[in-house]
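First the structure, in the form of structure tokens, and then the observations on it.
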Amino acid sequence: MNDEHAFSTRAIHAGQEFDPTTGAVVPPIYMTSTFVQDGIGGFRGGYEYARGGNPTRDSLQALLASLEGGAHAYSFASGLAAEDTLLRAALAPGDHIMMGNDVYGGTHRLVNRVHVPWGVTLSTVDMSDVDAVRATIRPGTTKVLWVETPSNPLMKISDIAALAGIAHEHDVLVVVDNTFASPYLQQPLSLGADVVMHSTTKYIGGHSDVLGGALVLNDDALAEKVGFLQFAVGAVSSPMDAWLTVRGIKTLAVRAERHSSNALAIASALVGHPQLDAVYYPGLDTHPGHDIAAKQMRAFGGMLSVAVSAGAAAARTFAESTTLFQLAESLGGVESLVCYPSMMTHASVRGTELEVPENVVRLSVGIEDVDDLLADVLQALERF
């Protein structure tokens, strides 16, 4: 596969050579836990045991590396498994990590309740404020800058190139959670990031039928550590999950375009609605991060949030009154979902500075007909 091919071409072909035995266009799923050896240590194709390597997982990893423009990619059983593996590889007791003050609640929970007791220190800061980030770095101690852009759920935009420049002055590793954007909409490595993280459960899988996570990076030494931990700790994606993820990636480009156009239409229609105080979507000209997002993203994605004027009770009523937008955690599937972050995805950070306002509702805009989706949102806003 030629990495100079366009994204949509690589999404279908990278790492997906046809089966040489049968000619099957779609490579088979290698549903096996172990591999026969030609004598002791005589591995066929380097395969010994499925935790260490599997052809289906390898095909996904090759595909992910191609799409993010990285030298190395690793596939995990979940996004948080990928995050934990990277943090183990990059941090030691006494090290300091910085995260956004509206980072995904599960990411904050992992660091605050697993790695902080291990001896890591954590600071949160507004990642859209470059000066605040610069002031929070502890030279010699800060080891990781964790960037999530667009952020979950308030859709803040962080300038990846600017943050990478600041971090690298102090030898700080820059990690970008690219889950909301997907590799089609945003290429963090090309903007100076060191590692890209995905919950492949979301837009990459795209059909709400698979759980997974991924890391993509270029640094050989760090990749060796990540690869060892992937094998030693063992939170790898299964062959079926890897195959389903590859299947989803093949339509990522067309899905991301539809997600983005639908979300922009809905966000634009909701601006100024009497029941809403705010619409959070970087595709809006009024969004404070719009210009940066336009510079570093191909389009603005399928995620948006709204602040309901009448408060928490009304926000809950809204979230429970849609029909096409189904009430559920997660995001990025072809179907539209609605979420009440305060009590769902971000319940673990209630009572902290990361607490999501109780009047905020998050929408994952699917690829259904946009008129039907807008009508569903509007009728739900009439319920209170």
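Following the order of the structure tokens, first chain is A, next is B, and so on, with residues numbered from 1 inside each chain and ligands from 1 in the order they appear.
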Taking a cut-off of 7 Å and counting only C-alpha atoms, can you build a table that, for each residue of region 219-316 of chain A near region 142-166 of chain A, reports the nearest atom pair and how far apart they are in Å (one decimal), sorted by chain then residue number, as CSV?
residue,atom,partner,partner_atom,distance
A:Tyr280,CA,A:Met155,CA,6.0
A:Tyr281,CA,A:Met155,CA,6.2
A:Pro282,CA,A:Met155,CA,6.7
A:Gly289,CA,A:Ile157,CA,5.1
A:Ile292,CA,A:Asp159,CA,6.3
A:Ala293,CA,A:Ile157,CA,6.4
A:Leu304,CA,A:Met155,CA,7.0
A:Ser305,CA,A:Leu154,CA,6.5
Exercise for the section: Give me the residues within 8 Å of region 328-342 of chain A as a ChimeraX atom specification, counting only C-alpha atoms and dropping any in the same chain fewer than 4 places off. Expected result: /A:153,180,201-208,255,302,315-316,319,322,324,346-347,350,355-358,360-368
Completion exercise
Restricting to only C-alpha atoms, whichever of A:Val116, A:Val226, A:Val195, A:Ala235 is closest to Arg88 (chain A) is A:Val226
Handout entry: Between CA of Arg258 (chain A) and CA of Leu63 (chain A) - distance in Å to one decimal
Key = 22.1 Å
Practice task
For Pro183 (chain A), work out the shell of residues within 12 Å, counting only C-alpha atoms and skipping chain neighbours fewer than 6 positions away, then give it as a PyMOL selection string.
Solution key: chain A and resi 7-8+10-11+63-70+176-177+189-190+196-200+202-204+214-216+249+252-253+256+296-299+301
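Taking only C-alpha atoms into account, Leu276 (chain A) lies nearest to A:Val308 out of the set A:Leu381, A:Ala263, A:Val25, A:Val308.
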Handout entry: Coordinates-based distance that separates CA of Arg138 (chain A) from CA of Asp95 (chain A) (Å, one decimal)
Key =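 One can read the CA of Asp95 (chain A) to CA of Arg138 (chain A) distance as 9.7 Å.
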Exercise for the section: Using DSSP on the backbone coordinates, identify the residues of region 97-209 of chain A assigned to helix (DSSP H, G or I); present them as a PyMOL selection string. Expected result: chain A and resi 105-115+130-136+160-168+182-185+188-191
Limited to N, CA and C atoms, could you put the picked residues into a file as a tab-separated table (two decimals), in the first residue's frame?
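And here is the file that came out, result.tsv:
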chain	number	residue	atom	x	y	z
A	105	GLY	N	-14.37	12.23	31.69
A	105	GLY	CA	-14.38	11.80	33.08
A	105	GLY	C	-13.65	10.49	33.32
A	106	GLY	N	-13.73	9.56	32.39
A	106	GLY	CA	-13.05	8.28	32.56
A	106	GLY	C	-11.55	8.42	32.53
A	107	THR	N	-11.04	9.34	31.71
A	107	THR	CA	-9.60	9.59	31.67
A	107	THR	C	-9.12	10.18	32.99
A	108	HIS	N	-9.85	11.16	33.48
A	108	HIS	CA	-9.49	11.77	34.77
A	108	HIS	C	-9.56	10.74	35.89
A	109	ARG	N	-10.59	9.91	35.88
A	109	ARG	CA	-10.74	8.88	36.91
A	109	ARG	C	-9.55	7.91	36.89
A	110	LEU	N	-9.12	7.51	35.69
A	110	LEU	CA	-7.99	6.59	35.57
A	110	LEU	C	-6.74	7.18	36.21
A	111	VAL	N	-6.44	8.43	35.88
A	111	VAL	CA	-5.23	9.04	36.43
A	111	VAL	C	-5.39	9.33	37.91
A	112	ASN	N	-6.52	9.93	38.28
A	112	ASN	CA	-6.70	10.39	39.65
A	112	ASN	C	-6.85	9.25	40.65
A	113	ARG	N	-7.47	8.15	40.23
A	113	ARG	CA	-7.74	7.08	41.19
A	113	ARG	C	-6.87	5.85	41.02
A	114	VAL	N	-6.10	5.78	39.93
A	114	VAL	CA	-5.20	4.65	39.73
A	114	VAL	C	-3.74	5.09	39.74
A	115	HIS	N	-3.41	6.12	38.95
A	115	HIS	CA	-2.01	6.51	38.84
A	115	HIS	C	-1.56	7.49	39.92
A	130	VAL	N	-3.19	28.96	26.21
A	130	VAL	CA	-1.78	28.58	26.04
A	130	VAL	C	-0.92	29.12	27.18
A	131	ASP	N	-1.20	30.33	27.62
A	131	ASP	CA	-0.40	30.91	28.71
A	131	ASP	C	-0.60	30.14	30.01
A	132	ALA	N	-1.83	29.70	30.26
A	132	ALA	CA	-2.09	28.92	31.48
A	132	ALA	C	-1.36	27.58	31.43
A	133	VAL	N	-1.31	26.98	30.26
A	133	VAL	CA	-0.58	25.72	30.12
A	133	VAL	C	0.90	25.95	30.39
A	134	ARG	N	1.46	26.98	29.79
A	134	ARG	CA	2.88	27.28	29.99
A	134	ARG	C	3.19	27.50	31.48
A	135	ALA	N	2.31	28.17	32.18
A	135	ALA	CA	2.54	28.48	33.58
A	135	ALA	C	2.40	27.25	34.48
A	136	THR	N	1.70	26.22	34.02
A	136	THR	CA	1.45	25.04	34.85
A	136	THR	C	2.52	23.97	34.69
A	160	ILE	N	-3.13	22.39	18.90
A	160	ILE	CA	-2.18	21.30	19.06
A	160	ILE	C	-0.76	21.74	18.77
A	161	ALA	N	-0.57	22.47	17.68
A	161	ALA	CA	0.79	22.89	17.30
A	161	ALA	C	1.39	23.82	18.35
A	162	ALA	N	0.60	24.75	18.87
A	162	ALA	CA	1.12	25.68	19.88
A	162	ALA	C	1.46	24.95	21.18
A	163	LEU	N	0.59	24.04	21.60
A	163	LEU	CA	0.85	23.29	22.83
A	163	LEU	C	2.06	22.38	22.67
A	164	ALA	N	2.20	21.77	21.50
A	164	ALA	CA	3.36	20.91	21.27
A	164	ALA	C	4.64	21.72	21.34
A	165	GLY	N	4.63	22.93	20.78
A	165	GLY	CA	5.82	23.77	20.85
A	165	GLY	C	6.23	24.10	22.26
A	166	ILE	N	5.24	24.44	23.10
A	166	ILE	CA	5.53	24.75	24.51
A	166	ILE	C	6.03	23.52	25.24
A	167	ALA	N	5.34	22.40	25.06
A	167	ALA	CA	5.69	21.18	25.78
A	167	ALA	C	7.08	20.69	25.42
A	168	HIS	N	7.41	20.75	24.15
A	168	HIS	CA	8.69	20.21	23.72
A	168	HIS	C	9.87	21.05	24.18
A	182	SER	N	-11.51	11.86	15.00
A	182	SER	CA	-11.15	10.73	14.16
A	182	SER	C	-9.97	11.13	13.27
A	183	PRO	N	-9.21	10.15	12.77
A	183	PRO	CA	-8.07	10.50	11.92
A	183	PRO	C	-8.47	11.14	10.60
A	184	TYR	N	-9.72	11.01	10.21
A	184	TYR	CA	-10.14	11.66	8.97
A	184	TYR	C	-10.20	13.17	9.14
A	185	LEU	N	-10.66	13.64	10.28
A	185	LEU	CA	-10.86	15.07	10.48
A	185	LEU	C	-9.64	15.79	11.05
A	188	PRO	N	-3.14	14.79	14.47
A	188	PRO	CA	-2.30	15.40	15.51
A	188	PRO	C	-0.80	15.20	15.33
A	189	LEU	N	-0.36	14.05	14.83
A	189	LEU	CA	1.07	13.82	14.67
A	189	LEU	C	1.67	14.84	13.70
A	190	SER	N	0.94	15.18	12.67
A	190	SER	CA	1.44	16.16	11.70
A	190	SER	C	1.50	17.56	12.28
A	191	LEU	N	0.80	17.79	13.39
A	191	LEU	CA	0.78	19.09	14.05
A	191	LEU	C	1.77	19.17	15.21
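Nearest residue to Ala314 (chain A) among A:Asp220, A:Asp209, A:Glu382, A:Glu48 is A:Glu382, counting only C-alpha atoms.
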Problem - For Ala267 (chain A), the nearest of the candidates A:Thr251, A:Thr352, A:Ser309, A:Thr286, counting only C-alpha atoms - result: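 Among the listed residues, A:Thr286 lies closest to Ala267 (chain A).
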